[in-house]
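Asker: Structure file run-v4.pdb (PDB, C-alpha atoms) right here:
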```
MODEL        1
ATOM      1  CA  MET N   1       0.000   0.000   0.000  1.00  0.00           C
ATOM      2  CA  SER N   2       3.007   2.271   0.374  1.00  0.00           C
ATOM      3  CA  ASN N   3       6.491   2.842  -0.968  1.00  0.00           C
ATOM      4  CA  LEU N   4       9.495   4.084   0.931  1.00  0.00           C
ATOM      5  CA  SER N   5      10.595   7.504  -0.254  1.00  0.00           C
ATOM      6  CA  SER N   6      13.934   9.036   0.631  1.00  0.00           C
ATOM      7  CA  SER N   7      14.463  12.761   0.879  1.00  0.00           C
ATOM      8  CA  SER N   8      17.847  14.348   0.420  1.00  0.00           C
ATOM      9  CA  GLY N   9      17.923  16.240   3.689  1.00  0.00           C
ATOM     10  CA  PRO N  10      19.336  19.732   4.190  1.00  0.00           C
ATOM     11  CA  PRO N  11      23.039  20.301   3.471  1.00  0.00           C
ATOM     12  CA  GLY N  12      25.092  19.429   6.495  1.00  0.00           C
ATOM     13  CA  GLY N  13      22.012  18.066   8.208  1.00  0.00           C
ATOM     14  CA  PRO N  14      20.960  14.559   9.247  1.00  0.00           C
ATOM     15  CA  SER N  15      21.069  11.589   6.922  1.00  0.00           C
ATOM     16  CA  PRO N  16      18.011  11.114   4.719  1.00  0.00           C
ATOM     17  CA  VAL N  17      15.105   9.263   6.308  1.00  0.00           C
ATOM     18  CA  LEU N  18      12.687   6.833   4.747  1.00  0.00           C
ATOM     19  CA  VAL N  19       9.003   7.674   5.041  1.00  0.00           C
ATOM     20  CA  PRO N  20       6.314   5.447   3.507  1.00  0.00           C
ATOM     21  CA  ARG N  21       4.554   7.229   0.670  1.00  0.00           C
ATOM     22  CA  PRO N  22       0.913   6.247   0.129  1.00  0.00           C
ATOM     23  CA  THR N  23       0.389   4.743  -3.302  1.00  0.00           C
ATOM     24  CA  ALA N  24      -3.375   4.186  -3.071  1.00  0.00           C
ATOM     25  CA  PRO N  25      -5.689   7.087  -4.021  1.00  0.00           C
ATOM     26  CA  VAL N  26      -5.402   9.280  -0.957  1.00  0.00           C
ATOM     27  CA  SER N  27      -8.847  10.819  -1.303  1.00  0.00           C
ATOM     28  CA  GLY N  28     -10.668   7.506  -1.475  1.00  0.00           C
ATOM     29  CA  ALA N  29     -13.756   6.807  -3.524  1.00  0.00           C
ATOM     30  CA  GLU N  30     -16.031   9.793  -3.990  1.00  0.00           C
ATOM     31  CA  PRO N  31     -19.081   9.409  -1.722  1.00  0.00           C
ATOM     32  CA  PRO N  32     -22.588   9.293  -3.212  1.00  0.00           C
ATOM     33  CA  GLY N  33     -23.617  12.758  -4.335  1.00  0.00           C
ATOM     34  CA  GLY N  34     -20.019  13.888  -4.631  1.00  0.00           C
ATOM     35  CA  ASP N  35     -20.658  15.792  -7.853  1.00  0.00           C
ATOM     36  CA  VAL N  36     -23.480  17.775  -6.258  1.00  0.00           C
ATOM     37  CA  ARG N  37     -21.358  18.515  -3.198  1.00  0.00           C
ATOM     38  CA  GLN N  38     -18.514  19.772  -5.369  1.00  0.00           C
ATOM     39  CA  ARG N  39     -20.868  21.915  -7.440  1.00  0.00           C
ATOM     40  CA  ILE N  40     -22.290  23.558  -4.324  1.00  0.00           C
ATOM     41  CA  ALA N  41     -18.821  24.115  -2.881  1.00  0.00           C
ATOM     42  CA  GLY N  42     -17.585  25.627  -6.126  1.00  0.00           C
ATOM     43  CA  ALA N  43     -20.580  27.959  -6.314  1.00  0.00           C
ATOM     44  CA  GLY N  44     -19.965  29.077  -2.753  1.00  0.00           C
ATOM     45  CA  ARG N  45     -16.278  29.796  -3.290  1.00  0.00           C
ATOM     46  CA  ASP N  46     -17.029  31.756  -6.462  1.00  0.00           C
ATOM     47  CA  LEU N  47     -19.646  33.898  -4.733  1.00  0.00           C
ATOM     48  CA  PHE N  48     -17.479  34.491  -1.674  1.00  0.00           C
ATOM     49  CA  THR N  49     -14.688  35.673  -3.964  1.00  0.00           C
ATOM     50  CA  THR N  50     -16.807  37.917  -6.189  1.00  0.00           C
ATOM     51  CA  GLN N  51     -19.300  39.450  -3.773  1.00  0.00           C
ATOM     52  CA  GLY N  52     -17.799  38.817  -0.335  1.00  0.00           C
ATOM     53  CA  TYR N  53     -18.342  36.292   2.421  1.00  0.00           C
ATOM     54  CA  GLU N  54     -20.767  38.348   4.520  1.00  0.00           C
ATOM     55  CA  GLN N  55     -22.877  39.294   1.518  1.00  0.00           C
ATOM     56  CA  THR N  56     -23.295  35.707   0.293  1.00  0.00           C
ATOM     57  CA  THR N  57     -26.307  33.745   1.522  1.00  0.00           C
ATOM     58  CA  VAL N  58     -27.157  30.073   1.458  1.00  0.00           C
ATOM     59  CA  ASP N  59     -29.987  30.852  -0.969  1.00  0.00           C
ATOM     60  CA  ALA N  60     -27.565  32.555  -3.356  1.00  0.00           C
ATOM     61  CA  ILE N  61     -25.188  29.584  -3.231  1.00  0.00           C
ATOM     62  CA  ALA N  62     -28.010  27.122  -3.878  1.00  0.00           C
ATOM     63  CA  GLU N  63     -29.252  29.205  -6.794  1.00  0.00           C
ATOM     64  CA  ARG N  64     -25.774  29.459  -8.338  1.00  0.00           C
ATOM     65  CA  ALA N  65     -25.299  25.686  -7.942  1.00  0.00           C
ATOM     66  CA  GLY N  66     -28.728  24.953  -9.439  1.00  0.00           C
ATOM     67  CA  VAL N  67     -30.046  23.088  -6.392  1.00  0.00           C
ATOM     68  CA  ALA N  68     -32.850  23.607  -3.899  1.00  0.00           C
ATOM     69  CA  ARG N  69     -32.170  25.086  -0.466  1.00  0.00           C
ATOM     70  CA  ARG N  70     -33.029  21.752   1.167  1.00  0.00           C
ATOM     71  CA  THR N  71     -30.455  20.057  -1.080  1.00  0.00           C
ATOM     72  CA  PHE N  72     -27.803  22.482   0.141  1.00  0.00           C
ATOM     73  CA  PHE N  73     -28.472  21.449   3.751  1.00  0.00           C
ATOM     74  CA  ARG N  74     -28.294  17.795   2.784  1.00  0.00           C
ATOM     75  CA  TYR N  75     -24.576  18.310   2.162  1.00  0.00           C
ATOM     76  CA  PHE N  76     -23.607  21.279   4.344  1.00  0.00           C
ATOM     77  CA  ARG N  77     -24.732  22.503   7.739  1.00  0.00           C
ATOM     78  CA  SER N  78     -23.950  26.153   6.979  1.00  0.00           C
ATOM     79  CA  LYS N  79     -22.294  28.353   4.385  1.00  0.00           C
ATOM     80  CA  ASP N  80     -19.054  28.101   6.399  1.00  0.00           C
ATOM     81  CA  ASP N  81     -18.856  24.384   5.678  1.00  0.00           C
ATOM     82  CA  VAL N  82     -18.775  25.089   1.936  1.00  0.00           C
ATOM     83  CA  ILE N  83     -15.315  26.626   2.256  1.00  0.00           C
ATOM     84  CA  PHE N  84     -13.458  23.901   4.075  1.00  0.00           C
ATOM     85  CA  PRO N  85     -12.200  20.504   2.929  1.00  0.00           C
ATOM     86  CA  ASP N  86     -14.125  17.522   4.249  1.00  0.00           C
ATOM     87  CA  HIS N  87     -11.754  17.205   7.205  1.00  0.00           C
ATOM     88  CA  GLY N  88     -13.827  14.496   8.879  1.00  0.00           C
ATOM     89  CA  ARG N  89     -13.673  12.248   5.832  1.00  0.00           C
ATOM     90  CA  ILE N  90      -9.954  12.877   5.274  1.00  0.00           C
ATOM     91  CA  ALA N  91      -9.276  12.061   8.936  1.00  0.00           C
ATOM     92  CA  GLN N  92     -11.166   8.764   8.604  1.00  0.00           C
ATOM     93  CA  ILE N  93      -9.140   7.791   5.536  1.00  0.00           C
ATOM     94  CA  THR N  94      -5.904   8.735   7.299  1.00  0.00           C
ATOM     95  CA  ALA N  95      -6.803   6.761  10.429  1.00  0.00           C
ATOM     96  CA  ALA N  96      -7.567   3.657   8.361  1.00  0.00           C
ATOM     97  CA  TYR N  97      -4.276   4.040   6.504  1.00  0.00           C
ATOM     98  CA  LEU N  98      -2.296   4.348   9.754  1.00  0.00           C
ATOM     99  CA  GLU N  99      -3.690   1.013  10.894  1.00  0.00           C
ATOM    100  CA  SER N 100      -1.826  -0.626   7.994  1.00  0.00           C
ATOM    101  CA  LEU N 101       1.547   0.767   9.129  1.00  0.00           C
ATOM    102  CA  ASP N 102       2.205  -1.094  12.360  1.00  0.00           C
ATOM    103  CA  ALA N 103       5.410  -2.524  10.839  1.00  0.00           C
ATOM    104  CA  VAL N 104       6.687   1.009  10.182  1.00  0.00           C
ATOM    105  CA  PRO N 105       8.447   3.011  12.940  1.00  0.00           C
ATOM    106  CA  PRO N 106       5.732   5.095  14.617  1.00  0.00           C
ATOM    107  CA  LEU N 107       6.951   8.610  13.809  1.00  0.00           C
ATOM    108  CA  ARG N 108       7.566   7.706  10.179  1.00  0.00           C
ATOM    109  CA  ALA N 109       4.085   6.207  10.037  1.00  0.00           C
ATOM    110  CA  VAL N 110       2.643   9.521  11.210  1.00  0.00           C
ATOM    111  CA  CYS N 111       4.662  11.384   8.568  1.00  0.00           C
ATOM    112  CA  SER N 112       3.192   9.053   5.971  1.00  0.00           C
ATOM    113  CA  GLY N 113      -0.304   9.754   7.273  1.00  0.00           C
ATOM    114  CA  VAL N 114       0.355  13.486   7.023  1.00  0.00           C
ATOM    115  CA  ARG N 115       1.096  12.985   3.322  1.00  0.00           C
ATOM    116  CA  ILE N 116      -2.535  12.007   2.803  1.00  0.00           C
ATOM    117  CA  ILE N 117      -3.706  15.319   4.265  1.00  0.00           C
ATOM    118  CA  PHE N 118      -1.062  17.267   2.339  1.00  0.00           C
ATOM    119  CA  THR N 119      -1.980  15.566  -0.920  1.00  0.00           C
ATOM    120  CA  SER N 120      -5.654  16.434  -0.439  1.00  0.00           C
ATOM    121  CA  TYR N 121      -4.610  20.091  -0.851  1.00  0.00           C
ATOM    122  CA  VAL N 122      -1.963  19.629  -3.528  1.00  0.00           C
ATOM    123  CA  ASP N 123      -4.241  17.569  -5.780  1.00  0.00           C
ATOM    124  CA  ASP N 124      -6.338  20.664  -6.528  1.00  0.00           C
ATOM    125  CA  PRO N 125      -4.095  23.729  -6.259  1.00  0.00           C
ATOM    126  CA  THR N 126      -6.616  26.143  -7.779  1.00  0.00           C
ATOM    127  CA  VAL N 127      -9.259  25.364  -5.167  1.00  0.00           C
ATOM    128  CA  SER N 128      -6.711  25.221  -2.336  1.00  0.00           C
ATOM    129  CA  VAL N 129      -5.240  28.637  -3.159  1.00  0.00           C
ATOM    130  CA  GLN N 130      -8.705  30.174  -3.569  1.00  0.00           C
ATOM    131  CA  ARG N 131      -9.748  28.725  -0.209  1.00  0.00           C
ATOM    132  CA  TYR N 132      -6.529  29.889   1.490  1.00  0.00           C
ATOM    133  CA  ARG N 133      -6.949  33.485   0.308  1.00  0.00           C
ATOM    134  CA  LEU N 134     -10.578  33.565   1.367  1.00  0.00           C
ATOM    135  CA  ILE N 135      -9.873  32.166   4.846  1.00  0.00           C
ATOM    136  CA  ARG N 136      -7.078  34.698   5.370  1.00  0.00           C
ATOM    137  CA  SER N 137      -9.503  37.545   4.660  1.00  0.00           C
ATOM    138  CA  VAL N 138     -12.199  36.474   7.164  1.00  0.00           C
ATOM    139  CA  PRO N 139     -11.086  36.205  10.838  1.00  0.00           C
ATOM    140  CA  ALA N 140     -13.966  33.915  11.814  1.00  0.00           C
ATOM    141  CA  LEU N 141     -12.965  31.474   9.085  1.00  0.00           C
ATOM    142  CA  ARG N 142      -9.353  31.485  10.265  1.00  0.00           C
ATOM    143  CA  ASP N 143     -10.517  30.467  13.739  1.00  0.00           C
ATOM    144  CA  ARG N 144     -12.704  27.746  12.252  1.00  0.00           C
ATOM    145  CA  GLU N 145      -9.808  26.396  10.176  1.00  0.00           C
ATOM    146  CA  ILE N 146      -7.544  26.194  13.239  1.00  0.00           C
ATOM    147  CA  ALA N 147     -10.209  24.258  15.137  1.00  0.00           C
ATOM    148  CA  SER N 148     -10.840  21.937  12.186  1.00  0.00           C
ATOM    149  CA  VAL N 149      -7.194  21.110  11.602  1.00  0.00           C
ATOM    150  CA  SER N 150      -6.587  20.397  15.303  1.00  0.00           C
ATOM    151  CA  GLN N 151      -8.402  17.082  14.877  1.00  0.00           C
ATOM    152  CA  TYR N 152      -5.423  15.795  12.917  1.00  0.00           C
ATOM    153  CA  THR N 153      -3.058  16.506  15.806  1.00  0.00           C
ATOM    154  CA  ARG N 154      -5.397  14.578  18.111  1.00  0.00           C
ATOM    155  CA  LEU N 155      -5.558  11.702  15.633  1.00  0.00           C
ATOM    156  CA  PHE N 156      -1.770  11.403  15.393  1.00  0.00           C
ATOM    157  CA  SER N 157      -1.253  11.826  19.120  1.00  0.00           C
ATOM    158  CA  SER N 158      -3.731   9.030  19.828  1.00  0.00           C
ATOM    159  CA  TYR N 159      -2.002   6.793  17.271  1.00  0.00           C
ATOM    160  CA  LEU N 160       1.433   7.444  18.796  1.00  0.00           C
ATOM    161  CA  ARG N 161       0.150   6.753  22.294  1.00  0.00           C
ATOM    162  CA  ARG N 162      -1.057   3.363  21.124  1.00  0.00           C
ATOM    163  CA  ARG N 163       2.179   2.585  19.307  1.00  0.00           C
ATOM    164  CA  LEU N 164       4.455   3.757  22.106  1.00  0.00           C
ATOM    165  CA  GLY N 165       2.509   1.965  24.834  1.00  0.00           C
ATOM    166  CA  ASP N 166       3.548   2.432  28.451  1.00  0.00           C
ATOM    167  CA  SER N 167       7.160   3.352  27.802  1.00  0.00           C
ATOM    168  CA  ALA N 168       8.642   6.158  29.866  1.00  0.00           C
ATOM    169  CA  GLY N 169       7.664   9.556  28.508  1.00  0.00           C
ATOM    170  CA  ALA N 170       5.387   8.054  25.857  1.00  0.00           C
ATOM    171  CA  GLY N 171       2.560  10.489  26.526  1.00  0.00           C
ATOM    172  CA  LEU N 172       4.794  13.547  26.260  1.00  0.00           C
ATOM    173  CA  THR N 173       6.509  12.225  23.137  1.00  0.00           C
ATOM    174  CA  ALA N 174       3.158  11.487  21.484  1.00  0.00           C
ATOM    175  CA  GLU N 175       1.813  14.981  22.162  1.00  0.00           C
ATOM    176  CA  VAL N 176       4.925  16.940  21.232  1.00  0.00           C
ATOM    177  CA  ALA N 177       5.985  14.858  18.226  1.00  0.00           C
ATOM    178  CA  SER N 178       2.527  14.806  16.658  1.00  0.00           C
ATOM    179  CA  ALA N 179       2.239  18.577  17.086  1.00  0.00           C
ATOM    180  CA  ALA N 180       5.686  19.058  15.525  1.00  0.00           C
ATOM    181  CA  ILE N 181       4.889  16.887  12.500  1.00  0.00           C
ATOM    182  CA  VAL N 182       1.587  18.686  11.901  1.00  0.00           C
ATOM    183  CA  ALA N 183       3.355  22.055  12.320  1.00  0.00           C
ATOM    184  CA  ALA N 184       5.935  21.028   9.718  1.00  0.00           C
ATOM    185  CA  HIS N 185       3.097  20.106   7.343  1.00  0.00           C
ATOM    186  CA  ASN N 186       1.356  23.429   7.971  1.00  0.00           C
ATOM    187  CA  GLN N 187       4.488  25.481   7.381  1.00  0.00           C
ATOM    188  CA  VAL N 188       5.292  23.802   4.053  1.00  0.00           C
ATOM    189  CA  LEU N 189       1.657  23.982   2.948  1.00  0.00           C
ATOM    190  CA  ARG N 190       1.375  27.690   3.787  1.00  0.00           C
ATOM    191  CA  GLU N 191       4.531  28.512   1.845  1.00  0.00           C
ATOM    192  CA  TRP N 192       3.234  26.598  -1.164  1.00  0.00           C
ATOM    193  CA  LEU N 193      -0.139  28.343  -0.999  1.00  0.00           C
ATOM    194  CA  ARG N 194       1.474  31.779  -0.643  1.00  0.00           C
ATOM    195  CA  GLN N 195       3.385  31.070  -3.848  1.00  0.00           C
ATOM    196  CA  GLY N 196       0.125  30.388  -5.651  1.00  0.00           C
ATOM    197  CA  GLY N 197       0.212  26.583  -5.474  1.00  0.00           C
ATOM    198  CA  GLU N 198       2.975  26.361  -8.052  1.00  0.00           C
ATOM    199  CA  ASN N 199       5.935  23.966  -8.177  1.00  0.00           C
ATOM    200  CA  ASP N 200       6.261  20.601  -6.451  1.00  0.00           C
ATOM    201  CA  PRO N 201       6.021  21.041  -2.651  1.00  0.00           C
ATOM    202  CA  PHE N 202       6.887  17.445  -1.724  1.00  0.00           C
ATOM    203  CA  PRO N 203      10.693  17.896  -1.575  1.00  0.00           C
ATOM    204  CA  ALA N 204      10.154  20.661   0.986  1.00  0.00           C
ATOM    205  CA  LEU N 205       7.808  18.382   2.932  1.00  0.00           C
ATOM    206  CA  ASP N 206      10.433  15.619   2.901  1.00  0.00           C
ATOM    207  CA  GLN N 207      13.035  18.020   4.282  1.00  0.00           C
ATOM    208  CA  ALA N 208      10.616  19.157   6.989  1.00  0.00           C
ATOM    209  CA  PHE N 209      10.072  15.522   7.973  1.00  0.00           C
ATOM    210  CA  ASP N 210      13.842  15.003   8.066  1.00  0.00           C
ATOM    211  CA  TRP N 211      14.155  17.900  10.468  1.00  0.00           C
ATOM    212  CA  VAL N 212      11.431  16.669  12.827  1.00  0.00           C
ATOM    213  CA  LEU N 213      12.496  13.023  12.783  1.00  0.00           C
ATOM    214  CA  SER N 214      16.132  13.893  13.473  1.00  0.00           C
ATOM    215  CA  ARG N 215      15.013  15.552  16.714  1.00  0.00           C
ATOM    216  CA  PHE N 216      12.450  13.041  17.943  1.00  0.00           C
ATOM    217  CA  GLU N 217      13.225   9.579  16.614  1.00  0.00           C
ATOM    218  CA  GLY N 218      16.019   8.928  19.073  1.00  0.00           C
ATOM    219  CA  SER N 219      13.599   9.294  21.975  1.00  0.00           C
ATOM    220  CA  VAL N 220      11.140   6.696  20.648  1.00  0.00           C
TER
ENDMDL
END
```
Could I get this file's structure written as structure tokens?

Answerer:
Amino acid sequence: MSNLSSSSGPPGGPSPVLVPRPTAPVSGAEPPGGDVRQRIAGAGRDLFTTQGYEQTTVDAIAERAGVARRTFFRYFRSKDDVIFPDHGRIAQITAAYLESLDAVPPLRAVCSGVRIIFTSYVDDPTVSVQRYRLIRSVPALRDREIASVSQYTRLFSSYLRRRLGDSAGAGLTAEVASAAIVAAHNQVLREWLRQGGENDPFPALDQAFDWVLSRFEGSV
């Protein structure tokens, strides 16, 4: 289900590390109604960009998408939900993938799981950049994004606690290492989005993983 990928590492830094790279489709099969969901989300992003977040209503999004208001609420709880990736679904896919990596060292397994989340953004740079710029312009959306993404840190911390068991300092290592790996992901992703979603961001992600693993792997 995965290949081992080696990154070059920063000059003068630690030796390259091997992190499993998911080879299965990281987004999974599209759920029933996926086309309608995407059409609604696209309509919402377009309206938020052209006429502003506050000025855009659920009715306007539904009309632009060509669906009834009740259909909108079948897929989204509010207009806020239109903006964000389906974090709950991505987290479920990532959790299932992690369960297949018990033969992989725990921190490297988490790095591999983070690739699934990272790839969900990189696979559609146009949408990801549009979403990033919109969220930056609306403080309430920034707060919502922070809260949404925090579920990944909890997922990885829980996984590391299970893998590390009752060893001394396992709880602290799980919390700090998972936060560091997610922070590395966020930093690389933000830089890529600021640059307009151009170029291949995976070498930078590999180097970020090198940096984190070189500081934590010896304690696991």

Asker: Between N:Pro106, N:Gly169, N:Pro125, N:Pro139, which is the closest to N:Leu189 once you count all atoms listed in the file?

Answerer: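 So, comparing all the options, the nearest one is N:Pro125.
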
Asker: So the first atom is atom CA of N:Val58 and the second is atom CA of N:Arg136; what is the distance between them in Å, to one decimal place?

Answerer: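 For atom CA of N:Val58 relative to atom CA of N:Arg136, the distance reads 21.0 Å.
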
Asker: As an exercise, work out the distance from atom CA of N:Phe72 to atom CA of N:Arg144 in Å and give it to one decimal place.

Answerer: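 Interatomic distance, atom CA of N:Phe72 to atom CA of N:Arg144: 20.1 Å.
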
Asker: Need to verify the contact set: stretch 149-155 of chain N, 9 Å, only C-alpha atoms, exclusion of same-chain residues closer than 6 positions in sequence. Can you return it as a ChimeraX atom specification?

Answerer: /N:87-88,91,94-95,114,117,175,178-179,181-182

Asker: Which residue is closest to N:Leu160? Choose from N:Asp206, N:Glu191, N:Asp123, N:Asp102 and count all atoms listed in the file.

Answerer: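 Among the listed residues, N:Asp102 lies closest to N:Leu160.
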
Asker: I'd like the residues picked by the PyMOL selection byres ((chain N and resi 109) around 12) written out as a PyMOL selection string, using the chain letters and numbers from the file.

Answerer: chain N and resi 2-4+18-22+94-95+97-108+110-116+156-157+159-160+163+178+181+209+213+217

Asker: Rounded to one decimal, what separation in Å do you get between atom CA of N:Asn186 and atom CA of N:Thr49?

Answerer: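 Distance reported for this atom pair: 23.4 Å.
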
Asker: Determine the residue set returned by the PyMOL selection byres ((chain N and resi 41) around 9) for the present structure, and present it as a ChimeraX atom specification.

Answerer: /N:36-40,42-46,61,65,81-84

Asker: Looking at N:Thr126, N:Thr57, N:Thr119, N:Thr173, which one is nearest to N:Gly196, with distances taken over only C-alpha atoms?

Answerer: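 Among N:Thr126, N:Thr57, N:Thr119, N:Thr173, it is N:Thr126 that comes nearest to N:Gly196.
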
Asker: Tell me which residues come within 12 Å of (-5.6, 35.7, 2.1), as a VMD selection string, counting all atoms listed in the file in the file's coordinates.

Answerer: chain N and resid 49 128 to 139 141 to 142 190 193 to 196

Asker: Store the residues picked out above, limited to C-alpha atoms, as a short mmCIF file (atom, residue, chain, number, x, y, z; two decimals), in the frame of the given file.

Answerer:
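Output contents, as saved in selection.cif:
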```
data_model
loop_
_atom_site.label_atom_id
_atom_site.label_comp_id
_atom_site.auth_asym_id
_atom_site.auth_seq_id
_atom_site.Cartn_x
_atom_site.Cartn_y
_atom_site.Cartn_z
CA THR N 49 -14.69 35.67 -3.96
CA SER N 128 -6.71 25.22 -2.34
CA VAL N 129 -5.24 28.64 -3.16
CA GLN N 130 -8.70 30.17 -3.57
CA ARG N 131 -9.75 28.72 -0.21
CA TYR N 132 -6.53 29.89 1.49
CA ARG N 133 -6.95 33.48 0.31
CA LEU N 134 -10.58 33.56 1.37
CA ILE N 135 -9.87 32.17 4.85
CA ARG N 136 -7.08 34.70 5.37
CA SER N 137 -9.50 37.54 4.66
CA VAL N 138 -12.20 36.47 7.16
CA PRO N 139 -11.09 36.20 10.84
CA LEU N 141 -12.96 31.47 9.09
CA ARG N 142 -9.35 31.48 10.26
CA ARG N 190 1.38 27.69 3.79
CA LEU N 193 -0.14 28.34 -1.00
CA ARG N 194 1.47 31.78 -0.64
CA GLN N 195 3.38 31.07 -3.85
CA GLY N 196 0.12 30.39 -5.65
#
```

Asker: For stretch 76-79 of chain N, what centre and edge lengths in Å (one decimal) does the axis-aligned box get once 5 Å is added on each side of all its listed atoms, as JSON?

Answerer:
```
{"center_x": -23.5, "center_y": 24.8, "center_z": 6.0, "size_x": 12.4, "size_y": 17.1, "size_z": 13.4}
```
